[in-house]
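The file protein_2.txt comes next; it holds compact mmCIF, C-alpha atoms.
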```
# COMPACT_ATOMS: atom_id res chain seq x y z
CA MET A 1 -14.68 2.91 -23.84
CA ARG A 2 -13.91 6.30 -22.38
CA PRO A 3 -10.16 7.13 -22.37
CA PHE A 4 -8.37 7.33 -19.04
CA ARG A 5 -6.39 10.58 -18.75
CA PRO A 6 -5.82 11.59 -15.12
CA GLY A 7 -3.05 14.10 -15.77
CA TRP A 8 0.57 13.99 -14.77
CA ILE A 9 0.26 15.81 -11.42
CA PRO A 10 -2.30 13.32 -9.92
CA THR A 11 -0.19 10.48 -11.31
CA LEU A 12 2.93 11.76 -9.57
CA VAL A 13 0.99 12.20 -6.32
CA VAL A 14 -0.28 8.62 -6.45
CA LEU A 15 3.15 7.25 -7.32
CA ALA A 16 4.63 9.15 -4.38
CA LEU A 17 2.01 8.23 -1.76
CA LEU A 18 0.78 4.75 -2.67
CA PRO A 19 4.01 2.78 -1.97
CA GLY A 20 4.35 4.50 1.40
CA LEU A 21 0.78 3.68 2.43
CA ILE A 22 1.17 0.04 1.43
CA ALA A 23 4.54 -0.17 3.20
CA LEU A 24 3.05 1.24 6.43
CA GLY A 25 0.22 -1.29 6.30
CA CYS A 26 2.66 -4.17 5.79
CA TRP A 27 4.84 -2.85 8.64
CA GLN A 28 1.85 -2.89 10.98
CA LEU A 29 1.06 -6.47 9.95
CA GLY A 30 4.65 -7.38 10.78
CA ARG A 31 4.37 -5.69 14.17
CA ALA A 32 1.19 -7.68 14.86
CA ASP A 33 3.07 -10.92 14.13
CA GLU A 34 5.89 -9.84 16.45
CA LYS A 35 3.43 -9.09 19.26
CA ARG A 36 1.74 -12.48 18.83
CA ALA A 37 5.09 -14.22 19.06
CA LEU A 38 5.97 -12.19 22.16
CA LEU A 39 2.69 -13.06 23.87
CA ASP A 40 3.14 -16.74 23.01
CA THR A 41 6.64 -16.67 24.49
CA TYR A 42 5.38 -15.02 27.66
CA ALA A 43 2.54 -17.54 28.07
CA GLU A 44 4.95 -20.45 27.62
CA ARG A 45 7.57 -19.15 30.05
CA GLU A 46 5.03 -18.01 32.65
CA VAL A 47 4.21 -21.64 33.49
CA ALA A 48 7.78 -22.95 33.14
CA PRO A 49 9.82 -23.79 36.28
CA ALA A 50 11.87 -20.91 37.69
CA LEU A 51 15.56 -20.84 36.80
CA ALA A 52 18.45 -20.43 39.19
CA THR A 53 20.58 -17.34 38.64
CA SER A 54 23.46 -19.52 37.41
CA GLN A 55 21.17 -20.84 34.65
CA LEU A 56 20.00 -17.31 33.87
CA GLN A 57 23.51 -16.18 33.01
CA GLN A 58 23.79 -18.96 30.45
CA SER A 59 20.50 -18.19 28.72
CA GLN A 60 20.81 -16.56 25.29
CA ASP A 61 17.17 -15.44 25.37
CA PRO A 62 16.31 -14.47 28.96
CA ALA A 63 13.18 -12.39 28.23
CA TYR A 64 10.20 -13.35 30.43
CA ARG A 65 12.00 -16.24 32.09
CA ARG A 66 11.12 -16.80 35.74
CA VAL A 67 14.03 -16.76 38.19
CA ARG A 68 14.37 -17.95 41.79
CA LEU A 69 16.43 -15.60 43.99
CA TYR A 70 17.81 -15.75 47.49
CA GLY A 71 19.67 -12.85 48.99
CA ARG A 72 19.40 -9.29 50.23
CA PHE A 73 18.43 -5.90 48.86
CA ASP A 74 20.83 -2.96 48.76
CA ALA A 75 18.78 -0.15 50.31
CA GLU A 76 21.41 2.54 49.67
CA HIS A 77 21.26 2.54 45.86
CA SER A 78 17.58 2.65 44.96
CA VAL A 79 16.28 3.89 41.62
CA LEU A 80 12.85 5.46 41.07
CA LEU A 81 11.39 5.24 37.58
CA ASP A 82 9.31 8.33 37.01
CA ASN A 83 6.22 9.03 34.89
CA SER A 84 4.38 5.87 35.89
CA LEU A 85 0.58 6.16 36.08
CA ARG A 86 -1.83 3.71 37.67
CA ASP A 87 -5.57 4.40 37.61
CA GLY A 88 -4.83 8.00 36.68
CA GLN A 89 -2.60 8.50 39.73
CA ALA A 90 1.02 9.64 39.42
CA GLY A 91 3.72 7.45 40.89
CA VAL A 92 7.07 5.73 40.44
CA GLU A 93 8.44 2.21 40.18
CA LEU A 94 10.98 1.19 42.80
CA LEU A 95 14.06 -0.70 41.61
CA GLN A 96 16.79 -1.88 43.96
CA PRO A 97 20.00 -3.90 43.59
CA PHE A 98 19.63 -7.43 44.94
CA HIS A 99 22.65 -9.60 45.79
CA ASP A 100 21.98 -13.26 45.08
CA GLN A 101 23.91 -15.32 47.60
CA ALA A 102 23.96 -18.53 45.57
CA SER A 103 25.67 -17.05 42.52
CA GLY A 104 27.19 -13.87 43.93
CA LEU A 105 25.51 -11.96 41.10
CA TRP A 106 23.86 -8.57 41.47
CA LEU A 107 20.40 -8.16 39.95
CA LEU A 108 18.25 -5.07 39.53
CA VAL A 109 14.83 -5.98 40.92
CA ASN A 110 11.71 -3.93 40.26
CA ARG A 111 9.64 -4.15 43.45
CA GLY A 112 6.57 -2.49 41.94
CA TRP A 113 4.68 0.77 41.83
CA LEU A 114 4.36 3.41 44.55
CA PRO A 115 2.08 6.47 44.52
CA TRP A 116 3.72 9.89 44.54
CA PRO A 117 0.96 12.49 44.66
CA ASP A 118 3.06 15.30 46.16
CA ARG A 119 6.45 15.93 44.55
CA ARG A 120 7.53 18.06 47.50
CA VAL A 121 7.50 14.97 49.74
CA PRO A 122 10.00 12.11 49.15
CA VAL A 123 8.60 8.75 48.11
CA GLN A 124 8.14 6.53 51.14
CA PHE A 125 9.24 2.87 50.99
CA ASN A 126 10.81 0.22 53.20
CA THR A 127 13.58 -2.23 52.40
CA PRO A 128 13.68 -5.61 54.18
CA ASP A 129 16.89 -6.19 56.14
CA GLN A 130 16.78 -9.99 56.17
CA ALA A 131 17.65 -12.42 53.39
CA LEU A 132 14.64 -13.26 51.22
CA ALA A 133 13.65 -16.01 48.80
CA LEU A 134 11.95 -14.32 45.86
CA ASP A 135 10.57 -15.13 42.43
CA ALA A 136 10.94 -12.64 39.60
CA THR A 137 10.59 -12.42 35.82
CA VAL A 138 13.23 -11.04 33.46
CA TYR A 139 12.14 -7.95 31.55
CA VAL A 140 14.09 -7.05 28.43
CA ALA A 141 13.28 -3.49 27.39
CA PRO A 142 12.48 -3.02 23.68
CA GLY A 143 14.94 -0.73 21.94
CA LYS A 144 17.62 1.37 23.56
CA THR A 145 16.98 2.98 26.92
CA PHE A 146 18.25 6.34 28.11
CA GLN A 147 21.72 6.42 29.55
CA LEU A 148 21.93 6.15 33.30
CA HIS A 149 23.10 9.33 34.97
CA PRO A 150 22.88 10.77 38.49
CA ASP A 151 19.87 12.88 39.30
CA PRO A 152 20.30 16.68 39.35
CA VAL A 153 20.45 16.96 43.15
CA GLY A 154 24.13 16.26 43.62
CA GLY A 155 23.93 12.65 42.48
CA GLN A 156 22.16 11.63 45.67
CA TRP A 157 20.29 8.35 46.05
CA PRO A 158 17.66 7.35 45.25
CA HIS A 159 18.09 8.40 41.62
CA LEU A 160 14.96 9.64 39.87
CA LEU A 161 15.05 8.57 36.20
CA THR A 162 12.68 8.11 33.29
CA ALA A 163 14.45 4.94 32.06
CA ILE A 164 17.37 2.82 33.14
CA ASP A 165 20.04 0.58 31.68
CA ALA A 166 20.89 -2.07 34.29
CA ALA A 167 24.29 -2.77 32.74
CA GLN A 168 25.32 0.86 33.20
CA LEU A 169 24.10 0.84 36.78
CA TRP A 170 26.53 -2.00 37.58
CA GLN A 171 29.29 -0.10 35.81
CA GLN A 172 28.52 2.96 37.93
CA LEU A 173 28.54 0.89 41.13
CA ASP A 174 31.57 -1.16 40.00
CA ARG A 175 29.74 -4.46 40.45
CA GLU A 176 29.22 -7.60 38.41
CA GLY A 177 25.52 -7.72 37.61
CA PHE A 178 22.86 -9.03 35.27
CA ALA A 179 22.21 -6.75 32.31
CA HIS A 180 18.39 -6.70 32.48
CA GLU A 181 15.70 -5.71 34.93
CA LEU A 182 13.82 -8.37 36.93
CA ARG A 183 10.21 -7.71 37.83
CA LEU A 184 9.22 -9.09 41.18
CA GLU A 185 6.34 -11.51 41.60
CA SER A 186 3.92 -11.14 44.49
CA GLY A 187 5.66 -11.71 47.80
CA PRO A 188 6.96 -10.14 51.01
CA ALA A 189 9.00 -7.43 49.27
CA SER A 190 6.57 -6.41 46.53
CA TYR A 191 4.53 -3.26 46.20
CA ARG A 192 1.83 -2.85 43.56
CA LEU A 193 2.60 -5.10 40.62
CA GLY A 194 0.91 -5.71 37.27
CA TRP A 195 2.79 -4.63 34.16
CA PRO A 196 1.33 -4.91 30.65
CA ILE A 197 3.15 -7.47 28.54
CA VAL A 198 2.95 -5.24 25.48
CA ALA A 199 1.87 -1.62 25.21
CA LEU A 200 -0.15 -2.31 22.05
CA GLY A 201 -1.71 -5.70 21.36
CA PRO A 202 -1.76 -7.44 17.94
CA GLU A 203 -5.33 -6.30 17.35
CA LYS A 204 -4.28 -2.65 17.55
CA HIS A 205 -1.63 -3.16 14.90
CA LEU A 206 -4.15 -4.98 12.69
CA GLY A 207 -6.48 -2.02 13.06
CA TYR A 208 -3.74 0.40 12.06
CA ALA A 209 -2.84 -1.82 9.08
CA ALA A 210 -6.48 -1.78 7.94
CA GLN A 211 -6.48 2.03 8.11
CA TRP A 212 -3.34 2.33 5.96
CA PHE A 213 -4.67 -0.14 3.39
CA ALA A 214 -8.02 1.67 3.35
CA LEU A 215 -6.24 4.95 2.62
CA ALA A 216 -4.29 3.27 -0.19
CA THR A 217 -7.51 1.88 -1.65
CA ALA A 218 -9.26 5.25 -1.44
CA LEU A 219 -6.31 6.93 -3.14
CA VAL A 220 -6.45 4.49 -6.07
CA LEU A 221 -10.24 4.78 -6.42
CA LEU A 222 -10.07 8.57 -6.43
CA TYR A 223 -7.29 8.45 -8.99
CA LEU A 224 -9.36 6.23 -11.29
CA TYR A 225 -12.54 8.21 -10.79
CA PHE A 226 -11.03 11.62 -11.50
CA GLY A 227 -9.07 10.21 -14.43
CA TRP A 228 -12.27 9.22 -16.20
CA HIS A 229 -14.34 12.08 -14.81
CA ARG A 230 -11.86 14.70 -16.00
CA LYS A 231 -12.04 13.34 -19.55
CA LYS A 232 -15.82 13.45 -19.48
CA GLU A 233 -15.81 17.13 -18.40
CA ASN A 234 -13.33 18.03 -21.14
CA THR A 235 -15.45 16.25 -23.74
CA ASP A 236 -18.64 17.97 -22.57
CA GLY A 237 -16.87 21.34 -22.68
CA ARG A 238 -15.76 20.88 -26.25
CA ARG A 239 -19.23 19.84 -27.37
CA HIS A 240 -20.76 22.86 -25.70
CA SER A 241 -18.31 25.31 -27.36
CA THR A 242 -18.94 23.97 -30.93
CA GLY A 243 -22.73 24.06 -30.73
CA PRO A 244 -24.94 26.62 -32.51
CA ALA A 245 -25.21 30.08 -31.03
```

Translate this structure into C-alpha cells?
Amino acid sequence: MRPFRPGWIPTLVVLALLPGLIALGCWQLGRADEKRALLDTYAEREVAPALATSQLQQSQDPAYRRVRLYGRFDAEHSVLLDNSLRDGQAGVELLQPFHDQASGLWLLVNRGWLPWPDRRVPVQFNTPDQALALDATVYVAPGKTFQLHPDPVGGQWPHLLTAIDAAQLWQQLDREGFAHELRLESGPASYRLGWPIVALGPEKHLGYAAQWFALATALVLLYLYFGWHRKKENTDGRRHSTGPA
C-alpha cells in the first residue's frame, strides 16, 4: 500500500480549517432547529384566544401572543421605522403609543407600513381620535436593538429611527409601558400589514449547513488525494533520476 505523506503545511491547514467548517455547519443546523421551534410557537399562539393586557404583563414568554386592546392612540409621539421595503418601494413603519384604558398600561403599537417615495415630503398618516378596540400580536425583537434617541432635527416628533427599544421610549416619555412592540392586526387603525415571521426559514439554514459540510468534505478529500499523489510523484522522480543515461 502506498504511504500517505501529505506534508506538514497541508496538515496544519486542514487542522486549522476543518474544525471551523464543521462548527459552522453544526451552528446552522442549530439555527434551523431554533427557527422550527419559533414557527411552531407562532402557529400555536396565532389560533389561541387573545389575552387581556393584565394577563400580558404576567406572561414570562409574551412573544407572538395575541392581545386585546381598548383605548386611544397618542398622536403626538409617533415613531417611524426607516429602511422598510415592500415590493421594492421605500417606506416606513408607523409606531404609536397606545393607552389601554382597562389596565392603564402604555403599549407601543405598530400600525403597519407606509410608502415614502420622496424624502423631501413628510410621511402622511392619520391617527384616530376615538377609543378603539384592537387586536395585536406581541413582537419580541431578536438580539439587542439600537438605543432610542431623538432624531437629528431638534428632537422633533415623529422620530425617524432604524430600530427602537420600547422600554427606552417609555423611559424617555416618563410612562409605565410594556417593554415590547405590538403589531396590529387588520382593523380600523391599520395600514399595510404583513411581516415575515422569520427573515430566514429553516430550509435556508439547512442549505447553508450542507454547504459548510460539503466544504469540509472537499477539504478532507483533497488532503487525502494530494497526500498519496505527492508520494507517487516523488517516487516517479526518484526512479527517473536513477535510470540509465

Item to complete: Could you give me, as a list of chain:residue names, the residues that sit within 9 Å of (5.7, -12.8, 40.2) in the file's coordinates, counting only C-alpha atoms?
Response: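 Within the cut-off we find A:Arg66, A:Leu134, A:Asp135, A:Ala136, A:Thr137, A:Arg183, A:Leu184, A:Glu185, A:Ser186, A:Gly187, A:Leu193.
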
Give me the segment 186-233 of chain A side of the contact with segment 71-94 of chain A, cut-off 10 Å, one line per residue showing its nearest atom pair and distance in Å at one decimal, counting all atoms listed in the file, sorted by chain and residue number, as JSON lines.
```
{"residue": "A:Ala189", "atom": "CA", "partner": "A:Phe73", "partner_atom": "CA", "distance": 9.6}
{"residue": "A:Ser190", "atom": "CA", "partner": "A:Leu94", "partner_atom": "CA", "distance": 9.5}
{"residue": "A:Tyr191", "atom": "CA", "partner": "A:Leu94", "partner_atom": "CA", "distance": 8.5}
{"residue": "A:Arg192", "atom": "CA", "partner": "A:Glu93", "partner_atom": "CA", "distance": 9.0}
{"residue": "A:Leu193", "atom": "CA", "partner": "A:Glu93", "partner_atom": "CA", "distance": 9.4}
{"residue": "A:Gly194", "atom": "CA", "partner": "A:Arg86", "partner_atom": "CA", "distance": 9.8}
```

Worksheet item: Which neighbours of Val220 of chain A fall inside 10 Å, counting all atoms listed in the file, when residues of the same chain fewer than 6 positions from it are skipped, and could you give them as a ChimeraX atom specification?
Response: /A:14,18,214

Item to complete: Identify which of the residues A:Leu39, A:Val47, A:Val121, A:Ala52 lies closest to Ile197 of chain A, counting all atoms listed in the file when measuring atom-to-atom distances.
Response: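 Checking each candidate against Ile197 of chain A, we get A:Leu39 as the closest.
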
Fill in: Gap from atom CA of Leu12 of chain A to atom CA of Leu221 of chain A - Å, one decimal
15.2 Å

What box, with edges along x, y and z, holds each listed atom of segment 133-143 of chain A when 4 Å is added on every side, and can you state its centre and edge lengths in Å to one decimal, as lines of an AutoDock Vina configuration file?
```
center_x = 12.8
center_y = -8.4
center_z = 35.4
size_x = 12.4
size_y = 23.3
size_z = 34.9
```

Fill in: Two-atom distance - atom CA of Leu206 of chain A, atom CA of Gly20 of chain A (Å)
17.0 Å

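Considering the residues A:Leu182, A:Val138, A:Leu17, A:Leu69 and counting only C-alpha atoms, Leu95 of chain A has its shortest atom-to-atom contact with A:Leu182.
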
Would you kindly place N, CA and C atoms on segment 25-54 of chain A and return the model as a PDB file, keeping the file's coordinate frame?
```
ATOM      1  N   GLY A  25       1.152  -0.214   5.974  1.00  0.00           N
ATOM      2  CA  GLY A  25       0.220  -1.290   6.300  1.00  0.00           C
ATOM      3  C   GLY A  25       0.938  -2.613   6.518  1.00  0.00           C
ATOM      4  N   CYS A  26       1.892  -2.929   5.640  1.00  0.00           N
ATOM      5  CA  CYS A  26       2.660  -4.170   5.790  1.00  0.00           C
ATOM      6  C   CYS A  26       3.506  -4.143   7.065  1.00  0.00           C
ATOM      7  N   TRP A  27       4.043  -2.966   7.404  1.00  0.00           N
ATOM      8  CA  TRP A  27       4.840  -2.850   8.640  1.00  0.00           C
ATOM      9  C   TRP A  27       3.974  -3.130   9.863  1.00  0.00           C
ATOM     10  N   GLN A  28       2.747  -2.625   9.855  1.00  0.00           N
ATOM     11  CA  GLN A  28       1.850  -2.890  10.980  1.00  0.00           C
ATOM     12  C   GLN A  28       1.484  -4.366  11.063  1.00  0.00           C
ATOM     13  N   LEU A  29       1.315  -5.025   9.928  1.00  0.00           N
ATOM     14  CA  LEU A  29       1.060  -6.470   9.950  1.00  0.00           C
ATOM     15  C   LEU A  29       2.251  -7.212  10.553  1.00  0.00           C
ATOM     16  N   GLY A  30       3.459  -6.771  10.197  1.00  0.00           N
ATOM     17  CA  GLY A  30       4.650  -7.380  10.780  1.00  0.00           C
ATOM     18  C   GLY A  30       4.729  -7.171  12.276  1.00  0.00           C
ATOM     19  N   ARG A  31       4.374  -5.968  12.733  1.00  0.00           N
ATOM     20  CA  ARG A  31       4.370  -5.690  14.170  1.00  0.00           C
ATOM     21  C   ARG A  31       3.353  -6.564  14.890  1.00  0.00           C
ATOM     22  N   ALA A  32       2.202  -6.805  14.258  1.00  0.00           N
ATOM     23  CA  ALA A  32       1.190  -7.680  14.860  1.00  0.00           C
ATOM     24  C   ALA A  32       1.742  -9.096  15.030  1.00  0.00           C
ATOM     25  N   ASP A  33       2.465  -9.593  14.022  1.00  0.00           N
ATOM     26  CA  ASP A  33       3.070 -10.920  14.130  1.00  0.00           C
ATOM     27  C   ASP A  33       4.108 -10.957  15.248  1.00  0.00           C
ATOM     28  N   GLU A  34       4.897  -9.893  15.376  1.00  0.00           N
ATOM     29  CA  GLU A  34       5.890  -9.840  16.450  1.00  0.00           C
ATOM     30  C   GLU A  34       5.223  -9.870  17.822  1.00  0.00           C
ATOM     31  N   LYS A  35       4.125  -9.127  17.974  1.00  0.00           N
ATOM     32  CA  LYS A  35       3.430  -9.090  19.260  1.00  0.00           C
ATOM     33  C   LYS A  35       2.806 -10.451  19.582  1.00  0.00           C
ATOM     34  N   ARG A  36       2.279 -11.139  18.585  1.00  0.00           N
ATOM     35  CA  ARG A  36       1.740 -12.480  18.830  1.00  0.00           C
ATOM     36  C   ARG A  36       2.833 -13.424  19.307  1.00  0.00           C
ATOM     37  N   ALA A  37       3.976 -13.365  18.658  1.00  0.00           N
ATOM     38  CA  ALA A  37       5.090 -14.220  19.060  1.00  0.00           C
ATOM     39  C   ALA A  37       5.547 -13.898  20.482  1.00  0.00           C
ATOM     40  N   LEU A  38       5.562 -12.607  20.820  1.00  0.00           N
ATOM     41  CA  LEU A  38       5.970 -12.190  22.160  1.00  0.00           C
ATOM     42  C   LEU A  38       4.990 -12.691  23.211  1.00  0.00           C
ATOM     43  N   LEU A  39       3.700 -12.577  22.926  1.00  0.00           N
ATOM     44  CA  LEU A  39       2.690 -13.060  23.870  1.00  0.00           C
ATOM     45  C   LEU A  39       2.745 -14.570  24.015  1.00  0.00           C
ATOM     46  N   ASP A  40       3.017 -15.276  22.930  1.00  0.00           N
ATOM     47  CA  ASP A  40       3.140 -16.740  23.010  1.00  0.00           C
ATOM     48  C   ASP A  40       4.343 -17.121  23.863  1.00  0.00           C
ATOM     49  N   THR A  41       5.451 -16.402  23.688  1.00  0.00           N
ATOM     50  CA  THR A  41       6.640 -16.670  24.490  1.00  0.00           C
ATOM     51  C   THR A  41       6.376 -16.435  25.969  1.00  0.00           C
ATOM     52  N   TYR A  42       5.694 -15.331  26.265  1.00  0.00           N
ATOM     53  CA  TYR A  42       5.380 -15.020  27.660  1.00  0.00           C
ATOM     54  C   TYR A  42       4.499 -16.102  28.277  1.00  0.00           C
ATOM     55  N   ALA A  43       3.451 -16.526  27.539  1.00  0.00           N
ATOM     56  CA  ALA A  43       2.540 -17.540  28.070  1.00  0.00           C
ATOM     57  C   ALA A  43       3.264 -18.856  28.321  1.00  0.00           C
ATOM     58  N   GLU A  44       4.203 -19.205  27.456  1.00  0.00           N
ATOM     59  CA  GLU A  44       4.950 -20.450  27.620  1.00  0.00           C
ATOM     60  C   GLU A  44       5.887 -20.379  28.817  1.00  0.00           C
ATOM     61  N   ARG A  45       6.581 -19.244  28.975  1.00  0.00           N
ATOM     62  CA  ARG A  45       7.570 -19.150  30.050  1.00  0.00           C
ATOM     63  C   ARG A  45       6.948 -18.825  31.404  1.00  0.00           C
ATOM     64  N   GLU A  46       5.712 -18.321  31.382  1.00  0.00           N
ATOM     65  CA  GLU A  46       5.030 -18.010  32.650  1.00  0.00           C
ATOM     66  C   GLU A  46       4.759 -19.265  33.454  1.00  0.00           C
ATOM     67  N   VAL A  47       4.536 -20.390  32.790  1.00  0.00           N
ATOM     68  CA  VAL A  47       4.210 -21.640  33.490  1.00  0.00           C
ATOM     69  C   VAL A  47       5.429 -22.556  33.606  1.00  0.00           C
ATOM     70  N   ALA A  48       6.571 -22.128  33.065  1.00  0.00           N
ATOM     71  CA  ALA A  48       7.780 -22.950  33.140  1.00  0.00           C
ATOM     72  C   ALA A  48       8.399 -22.843  34.539  1.00  0.00           C
ATOM     73  N   PRO A  49       9.154 -23.855  34.975  1.00  0.00           N
ATOM     74  CA  PRO A  49       9.820 -23.790  36.280  1.00  0.00           C
ATOM     75  C   PRO A  49      10.804 -22.615  36.335  1.00  0.00           C
ATOM     76  N   ALA A  50      10.950 -22.037  37.518  1.00  0.00           N
ATOM     77  CA  ALA A  50      11.870 -20.910  37.690  1.00  0.00           C
ATOM     78  C   ALA A  50      13.310 -21.382  37.573  1.00  0.00           C
ATOM     79  N   LEU A  51      14.145 -20.547  36.954  1.00  0.00           N
ATOM     80  CA  LEU A  51      15.560 -20.840  36.800  1.00  0.00           C
ATOM     81  C   LEU A  51      16.343 -20.356  38.018  1.00  0.00           C
ATOM     82  N   ALA A  52      17.480 -20.971  38.248  1.00  0.00           N
ATOM     83  CA  ALA A  52      18.450 -20.430  39.190  1.00  0.00           C
ATOM     84  C   ALA A  52      19.235 -19.333  38.493  1.00  0.00           C
ATOM     85  N   THR A  53      19.841 -18.436  39.259  1.00  0.00           N
ATOM     86  CA  THR A  53      20.580 -17.340  38.640  1.00  0.00           C
ATOM     87  C   THR A  53      21.772 -17.838  37.818  1.00  0.00           C
ATOM     88  N   SER A  54      22.354 -18.966  38.200  1.00  0.00           N
ATOM     89  CA  SER A  54      23.460 -19.520  37.410  1.00  0.00           C
ATOM     90  C   SER A  54      22.968 -19.950  36.027  1.00  0.00           C
TER      91      SER A  54
END
```
